[in-house]
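One structure is given here, and the rest of the page talks about it.
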Amino acid sequence: RIVSKHGGDATRLLQILIDVQDETRWLSPAVLTLIAAELSIPRSRVEGVAGFYHFLHKRPVGRFHLLFADNITERMQGSAELMASLCSKLWVEPGRVSEDGLVSVETTSCIGMGDQGPALLVNGVPLTRLSHQRVNQIAELIRREAPLSSWSPEFFRVDDNIHRTDALLKLEMAPGAALRAAVALGRDGWMEQMQLSNLRGRGGAGFTTAVKWMACRDAAAPEKVVVCNADEGEPGTFKDRVLLTRMADVVFEGMTLAAWAVGARQGFIYLRGEYRYLLEPLREALDLRRAENLLGRGIQGVAGFDFDIEIHLGAGAYVCGEETALLESLEGKRGTPRIRPPFPVTHGYLGRPTVVNNVETLAKTCLIALAGGEAFAATGTAQSTGTKLLSISGDCAHPGIYEYPFGVPIERVLEDCGASDIQAVQVGGAAGITLASYEFHRRIAFEDVPTAGAFMVFDSSRDLFEVARNFVDFFAHESCGFCTPCRVGTALLKKAMKKLADGRGAKTDLADIEWIDRLLKNASHCGLGSAAPNPVVDTLLKFRPAYERRLQSLDFEPAFDLDAALAAARRASGRDDAAAHISSEGSDQKA
Ligand code: SF4
């Protein structure tokens with residue numbers, strides 16, 4: 001039935017698996033076999049997709065499945081203690097299902113609630129502002145098997161927390177106003193305004209949007225596609241959540257403006273699984289636009305201007321924020337980044353020329369349509385025009401969303417968000433840059449400190465080693481495993497950091513970290529691998545004492561305890577006499 005609902009289309013495999021899991025709670029081998037047969041595709045492909053995404057379960061989970069956000073800022077707010085407390089109250093071990101199948105508790109990466117954490121997802125729904133009192137209440141509700149619909153709505157409150165507005169967040173636009181302005185300019189005139197604006201992608205890389213659009217427009221294949229990347233998975237970022245909550249219509253209008261420029265008929269918004277709670281409001285907003293002829297056929301009475309938007313859900317894979325991985329995922333595959341070239345603008349979704357833009361980038365195009373490219377470019381800096389939304393979290397009085405013209409100094413942002421006694425700021429998420437206090441004069445701009453929007457603040461009480469370690473664990477968890485340098489390199493990095501944290505590190509481990517950094521930077525297939533060592537390299541350079549005070553000795557220290565590793569063999573052989581142990585004295589003889 002579910003496969004039929006999706007037209008028996010294998011490109012919808014991820015959506016099918018999500019829908020099936022909604023009904024069955026997990027994807028059993030029999031279910032995977034059935035889906036493969038219904039879609040007439042190899043079972044291995046279904047199995048491969050089901051095994052790729054963290055939110056798809058190939059083993060049973062509890063009737064209440066809880067995922068605690070394990071982002072560093074939430075750790076700083078005590079998320080680990082809250083999770084331990086909940087687990088002990090419910091008699092469940094993290095990562096396991098309780099014996100009665102009632103509950104399972106695990107951690108996940110950032111869920112985009114860094115301004116109102118600690119937070120968790122319960123059966124996919126975000127629950128914010130956790131406290132010990134709230135944990136007690138949740139434990140009681142779960143024990144009573146109270147349905148989520150009967151839990152206090154206050155538990156699920158998600159605030160926008162907007163503290164500073166500028167051009168975009170001040171925008172009050174009647175639906176269709178930007179579109180009418182662009183249509184009046186004609187496709188070429190509209191593209192000219194985009195060029196004048198010098199708008200650069202807000203997803204982090206900063207590629208010029210008009211250049212991307214022109215390459216797609218000029219690509220030979222006739223069927224063009226526009227994709228909105230709403231998979232903001234970078235730890236510490238949540239500005240797209242706010243845009244999709246408050247300004248979804250502006251984002252959809254931006255997608256339609258892109259379609260007008262490149263001649264696309266098909267559009268997708270790839271919504272991260274963590275924001276699934278926004279799915280229904282977004283669908284309603286799309287229906288309204290269809291009713292107003294702002295989507296569909298002959299938009300605004302223009303013959304041949306046909307465009308519609310479909311929402312695809314992600315399922316907890318950070319790498320899908322990379323545009324080619326996202327396209328693979330849209331096609332119902334594992335989110336493995338593609339080899340480039342060819343680039344998506346010529347060979348994207350199903351080989352069609354495709355524009356992939358970030359939520360904020362698309363929203364900004366409405367400002368350009370309404371006021372013109374020159375007016376847009378008058379704000380910000382020469383190389384970074386317009387404004388930027390920042391998602392601020394961590395040690396500050398007012399975490400939330402701040403919009404600034406590009407070029408704003410870090411110290412001004414810190415002052416505005418009520419941060420004091422700050423030793424470091426992580427700009428751009430785990431893959432970004434760690435700035436020490438002597439760098440706070442630097443500016444948010446592509447030519448100085450580029451960012452997709454995450455801005456995490458750490459005061460002088462924080463241990464920057466633990467901050468970097470959290471990011472390293474994140475990358476090791478999120479590596480898609482496709483290429484060996486990243487799969488092995490992120491695991492080695494994680495091990496090296498654990499060894500240091502356990503007090504078994506030596507100076508050689510610091511040298512190893514630098515070697516792993518070179519390996520990942522030079523040999524990784526995509527940006528995830530090459531960015532993975534950034535937080536360690538930055539903190540090692542700027543906060544080296546945080547590492548050195550963990551070194552037991554500055555000389556070599558073995559990382560591997562051979563005697564402990566032989567414990568399983570001793571158990572199996574039933575021997576535990578002295579000769580079955582490796583010891584520093586006479587180990588040769590015993591071995
Ligand atoms: Fe996957 Fe990492 Fe390789 Fe990227 S660098 S393709 S995330 S394994």
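Each chain in the structure tokens gets a letter, A, B and so on, in the order shown; residues start at 1 in every chain, and ligands are counted from 1 in the order they appear.
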
Name the residues of stretch 227-312 of chain A that fall into strand (DSSP E or B) according to DSSP on the backbone, using the chain letters and numbers of this document, as a JSON list (two decimals) with all heavy atoms, in the first residue's frame.
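File written: result-v7.json
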[["chain", "number", "residue", "atom", "x", "y", "z"],
["A", 227, "VAL", "N", 16.49, 22.69, -6.13],
["A", 227, "VAL", "CA", 16.45, 21.98, -4.84],
["A", 227, "VAL", "C", 16.81, 22.95, -3.72],
["A", 227, "VAL", "O", 17.81, 23.67, -3.80],
["A", 227, "VAL", "CB", 17.44, 20.79, -4.82],
["A", 227, "VAL", "CG1", 17.47, 20.15, -3.44],
["A", 227, "VAL", "CG2", 17.07, 19.77, -5.88],
["A", 228, "CYS", "N", 15.97, 22.98, -2.70],
["A", 228, "CYS", "CA", 16.27, 23.77, -1.51],
["A", 228, "CYS", "C", 16.89, 22.83, -0.47],
["A", 228, "CYS", "O", 16.25, 21.86, -0.04],
["A", 228, "CYS", "CB", 14.99, 24.40, -0.97],
["A", 228, "CYS", "SG", 15.23, 25.21, 0.62],
["A", 229, "ASN", "N", 18.11, 23.12, -0.10],
["A", 229, "ASN", "CA", 18.81, 22.30, 0.88],
["A", 229, "ASN", "C", 18.41, 22.75, 2.29],
["A", 229, "ASN", "O", 18.95, 23.73, 2.82],
["A", 229, "ASN", "CB", 20.32, 22.43, 0.65],
["A", 229, "ASN", "CG", 21.12, 21.54, 1.60],
["A", 229, "ASN", "OD1", 20.59, 21.02, 2.57],
["A", 229, "ASN", "ND2", 22.40, 21.40, 1.32],
["A", 230, "ALA", "N", 17.45, 22.06, 2.88],
["A", 230, "ALA", "CA", 17.02, 22.38, 4.25],
["A", 230, "ALA", "C", 17.49, 21.28, 5.19],
["A", 230, "ALA", "O", 16.78, 20.84, 6.08],
["A", 230, "ALA", "CB", 15.49, 22.52, 4.30],
["A", 264, "ALA", "N", 13.18, 25.93, -14.59],
["A", 264, "ALA", "CA", 12.89, 24.62, -13.98],
["A", 264, "ALA", "C", 11.39, 24.43, -13.81],
["A", 264, "ALA", "O", 10.65, 25.39, -13.60],
["A", 264, "ALA", "CB", 13.57, 24.53, -12.63],
["A", 265, "ARG", "N", 10.99, 23.17, -13.90],
["A", 265, "ARG", "CA", 9.58, 22.83, -13.66],
["A", 265, "ARG", "C", 9.42, 22.04, -12.38],
["A", 265, "ARG", "O", 8.31, 21.92, -11.87],
["A", 265, "ARG", "CB", 9.04, 22.01, -14.83],
["A", 265, "ARG", "CG", 9.02, 22.77, -16.15],
["A", 265, "ARG", "CD", 8.99, 21.81, -17.33],
["A", 265, "ARG", "NE", 7.79, 21.00, -17.33],
["A", 265, "ARG", "CZ", 6.68, 21.29, -18.00],
["A", 265, "ARG", "NH1", 6.64, 22.39, -18.73],
["A", 265, "ARG", "NH2", 5.64, 20.50, -17.96],
["A", 266, "GLN", "N", 10.51, 21.49, -11.90],
["A", 266, "GLN", "CA", 10.41, 20.58, -10.76],
["A", 266, "GLN", "C", 11.24, 21.15, -9.60],
["A", 266, "GLN", "O", 12.38, 21.59, -9.81],
["A", 266, "GLN", "CB", 10.98, 19.22, -11.17],
["A", 266, "GLN", "CG", 10.67, 18.10, -10.22],
["A", 266, "GLN", "CD", 11.14, 16.75, -10.78],
["A", 266, "GLN", "OE1", 11.98, 16.70, -11.69],
["A", 266, "GLN", "NE2", 10.61, 15.68, -10.23],
["A", 267, "GLY", "N", 10.68, 21.12, -8.41],
["A", 267, "GLY", "CA", 11.41, 21.61, -7.24],
["A", 267, "GLY", "C", 11.27, 20.65, -6.07],
["A", 267, "GLY", "O", 10.24, 19.99, -5.91],
["A", 268, "PHE", "N", 12.33, 20.58, -5.27],
["A", 268, "PHE", "CA", 12.30, 19.77, -4.06],
["A", 268, "PHE", "C", 12.81, 20.60, -2.90],
["A", 268, "PHE", "O", 13.76, 21.38, -3.06],
["A", 268, "PHE", "CB", 13.24, 18.55, -4.17],
["A", 268, "PHE", "CG", 12.82, 17.55, -5.19],
["A", 268, "PHE", "CD1", 13.46, 17.51, -6.42],
["A", 268, "PHE", "CD2", 11.81, 16.64, -4.92],
["A", 268, "PHE", "CE1", 13.09, 16.58, -7.38],
["A", 268, "PHE", "CE2", 11.44, 15.70, -5.87],
["A", 268, "PHE", "CZ", 12.08, 15.66, -7.10],
["A", 269, "ILE", "N", 12.21, 20.37, -1.75],
["A", 269, "ILE", "CA", 12.85, 20.87, -0.54],
["A", 269, "ILE", "C", 13.23, 19.63, 0.26],
["A", 269, "ILE", "O", 12.40, 18.76, 0.52],
["A", 269, "ILE", "CB", 11.95, 21.86, 0.23],
["A", 269, "ILE", "CG1", 12.61, 22.26, 1.56],
["A", 269, "ILE", "CG2", 10.57, 21.38, 0.48],
["A", 269, "ILE", "CD1", 12.05, 23.55, 2.14],
["A", 270, "TYR", "N", 14.52, 19.54, 0.58],
["A", 270, "TYR", "CA", 15.03, 18.38, 1.32],
["A", 270, "TYR", "C", 15.09, 18.80, 2.79],
["A", 270, "TYR", "O", 15.97, 19.54, 3.22],
["A", 270, "TYR", "CB", 16.42, 18.00, 0.81],
["A", 270, "TYR", "CG", 16.94, 16.70, 1.39],
["A", 270, "TYR", "CD1", 16.79, 15.49, 0.72],
["A", 270, "TYR", "CD2", 17.61, 16.68, 2.61],
["A", 270, "TYR", "CE1", 17.28, 14.30, 1.25],
["A", 270, "TYR", "CE2", 18.09, 15.51, 3.15],
["A", 270, "TYR", "CZ", 17.93, 14.32, 2.47],
["A", 270, "TYR", "OH", 18.42, 13.14, 3.00],
["A", 271, "LEU", "N", 14.12, 18.32, 3.54],
["A", 271, "LEU", "CA", 13.95, 18.75, 4.93],
["A", 271, "LEU", "C", 14.62, 17.76, 5.87],
["A", 271, "LEU", "O", 14.30, 16.56, 5.84],
["A", 271, "LEU", "CB", 12.44, 18.82, 5.24],
["A", 271, "LEU", "CG", 12.03, 19.30, 6.62],
["A", 271, "LEU", "CD1", 12.37, 20.79, 6.80],
["A", 271, "LEU", "CD2", 10.53, 19.08, 6.84],
["A", 296, "GLY", "N", 2.39, 25.60, -9.63],
["A", 296, "GLY", "CA", 1.52, 24.84, -10.53],
["A", 296, "GLY", "C", 1.77, 25.23, -11.98],
["A", 296, "GLY", "O", 2.89, 25.58, -12.35],
["A", 307, "PHE", "N", 5.77, 25.24, -12.41],
["A", 307, "PHE", "CA", 6.75, 24.83, -11.38],
["A", 307, "PHE", "C", 6.00, 24.38, -10.14],
["A", 307, "PHE", "O", 5.01, 25.00, -9.74],
["A", 307, "PHE", "CB", 7.67, 26.02, -11.03],
["A", 307, "PHE", "CG", 8.69, 25.70, -9.97],
["A", 307, "PHE", "CD1", 9.73, 24.80, -10.22],
["A", 307, "PHE", "CD2", 8.63, 26.31, -8.71],
["A", 307, "PHE", "CE1", 10.69, 24.52, -9.23],
["A", 307, "PHE", "CE2", 9.58, 26.04, -7.74],
["A", 307, "PHE", "CZ", 10.61, 25.14, -8.00],
["A", 308, "ASP", "N", 6.45, 23.28, -9.57],
["A", 308, "ASP", "CA", 5.87, 22.85, -8.29],
["A", 308, "ASP", "C", 6.96, 22.29, -7.39],
["A", 308, "ASP", "O", 8.06, 21.97, -7.86],
["A", 308, "ASP", "CB", 4.75, 21.82, -8.50],
["A", 308, "ASP", "CG", 3.69, 21.97, -7.41],
["A", 308, "ASP", "OD1", 4.03, 22.40, -6.29],
["A", 308, "ASP", "OD2", 2.50, 21.65, -7.68],
["A", 309, "ILE", "N", 6.62, 22.20, -6.12],
["A", 309, "ILE", "CA", 7.62, 21.82, -5.10],
["A", 309, "ILE", "C", 7.12, 20.63, -4.31],
["A", 309, "ILE", "O", 5.96, 20.57, -3.90],
["A", 309, "ILE", "CB", 7.87, 23.01, -4.13],
["A", 309, "ILE", "CG1", 8.43, 24.22, -4.88],
["A", 309, "ILE", "CG2", 8.82, 22.59, -3.00],
["A", 309, "ILE", "CD1", 8.48, 25.50, -4.05],
["A", 310, "GLU", "N", 8.03, 19.70, -4.09],
["A", 310, "GLU", "CA", 7.72, 18.50, -3.31],
["A", 310, "GLU", "C", 8.65, 18.49, -2.10],
["A", 310, "GLU", "O", 9.81, 18.90, -2.22],
["A", 310, "GLU", "CB", 8.09, 17.30, -4.20],
["A", 310, "GLU", "CG", 7.23, 16.10, -4.05],
["A", 310, "GLU", "CD", 7.72, 15.02, -5.02],
["A", 310, "GLU", "OE1", 7.54, 15.19, -6.25],
["A", 310, "GLU", "OE2", 8.32, 14.07, -4.53],
["A", 311, "ILE", "N", 8.15, 17.99, -0.99],
["A", 311, "ILE", "CA", 9.02, 17.93, 0.20],
["A", 311, "ILE", "C", 9.54, 16.52, 0.37],
["A", 311, "ILE", "O", 8.76, 15.55, 0.37],
["A", 311, "ILE", "CB", 8.25, 18.34, 1.47],
["A", 311, "ILE", "CG1", 7.59, 19.71, 1.28],
["A", 311, "ILE", "CG2", 9.18, 18.36, 2.68],
["A", 311, "ILE", "CD1", 6.70, 20.14, 2.43],
["A", 312, "HIS", "N", 10.86, 16.39, 0.50],
["A", 312, "HIS", "CA", 11.47, 15.10, 0.81],
["A", 312, "HIS", "C", 12.06, 15.18, 2.21],
["A", 312, "HIS", "O", 12.69, 16.16, 2.56],
["A", 312, "HIS", "CB", 12.58, 14.75, -0.18],
["A", 312, "HIS", "CG", 12.11, 13.95, -1.35],
["A", 312, "HIS", "ND1", 12.66, 12.75, -1.70],
["A", 312, "HIS", "CD2", 11.12, 14.18, -2.21],
["A", 312, "HIS", "CE1", 12.03, 12.28, -2.76],
["A", 312, "HIS", "NE2", 11.10, 13.13, -3.09]]

Protein and nucleic acid residues within 10 Å of ligand 1 (only C-alpha atoms and all ligand atoms) as a PyMOL selection string: chain A and resi 317-320+322+325+335-339+475-490+520-521+523-532

List every residue of stretch 227-315 of chain A that has an atom at most 8 Å from any atom of stretch 12-31 of chain A, giving for each one its closest atom pair and the distance in Å to one decimal, counting only C-alpha atoms, sorted by chain and then by ascending residue number, as a tab-separated table.
residue	atom	partner	partner_atom	distance
A:His312	CA	A:Gln15	CA	7.1
A:Leu313	CA	A:Gln15	CA	6.7
A:Gly314	CA	A:Leu14	CA	8.0
A:Ala315	CA	A:Ile18	CA	7.8

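Nearest to A:Glu274 of all the residues A:Gly574, A:Gly316, A:Pro405, A:Gly372 is A:Gly316, based on only C-alpha atoms.
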
Which residue, A:Ala569, A:Ala454, A:Ala496, A:Ala220, has the smallest gap to A:Gly204 when you use only C-alpha atoms? A:Ala454

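Summary of the local environment: counting only C-alpha atoms, residues at most 9 Å from A:Leu196, other than itself and those fewer than 4 positions away along its chain, are Met191, Glu192, Ala210, Gly372, Gly373, Glu374, Phe376 and Ala377 of chain A.
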
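When only C-alpha atoms are used to measure the gap to A:Ser460, the shortest distance among A:Leu492, A:Gly78, A:Glu280, A:Ser420 belongs to A:Ser420.
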
Contacts of A:Leu169 within 9 Å, only C-alpha atoms, excl. fewer than 5 positions in-chain, as a PyMOL selection string: chain A and resi 162+164+243+247+389+403

For stretch 121-128 of chain A, please output as a PyMOL selection string all residues within 6 Å (counting only C-alpha atoms; exclusion window: fewer than 3 positions along the same chain). chain A and resi 65-67+116-117+155-156

At a cut-off of 10 Å, using only C-alpha atoms, what residues contact A:Val359? Leave out same-chain residues fewer than 2 positions from it and give the result as a ChimeraX atom specification. /A:201-203,227-232,239-241,243-244,248,250-252,254-255,269-270,356-357,361-364

Selected residue, from A:Val345, A:Leu566, A:Ala182, A:Leu39, that lies nearest to A:Cys366 when counting only C-alpha atoms: A:Ala182

Just checking: using only C-alpha atoms, which residue out of A:Ile392, A:Ala578, A:Ile516, A:Ile2 ends up closest to A:Met456? A:Ile392

Nearest to A:Ala579, restricted to only C-alpha atoms and choosing among A:Phe305, A:Asp563, A:Gln300, A:Leu130, comes out as A:Asp563

May I have the residues within 7 Å of A:Asp459 as a count of residues only, using only C-alpha atoms and disregarding those fewer than 4 positions away in the same chain? 5
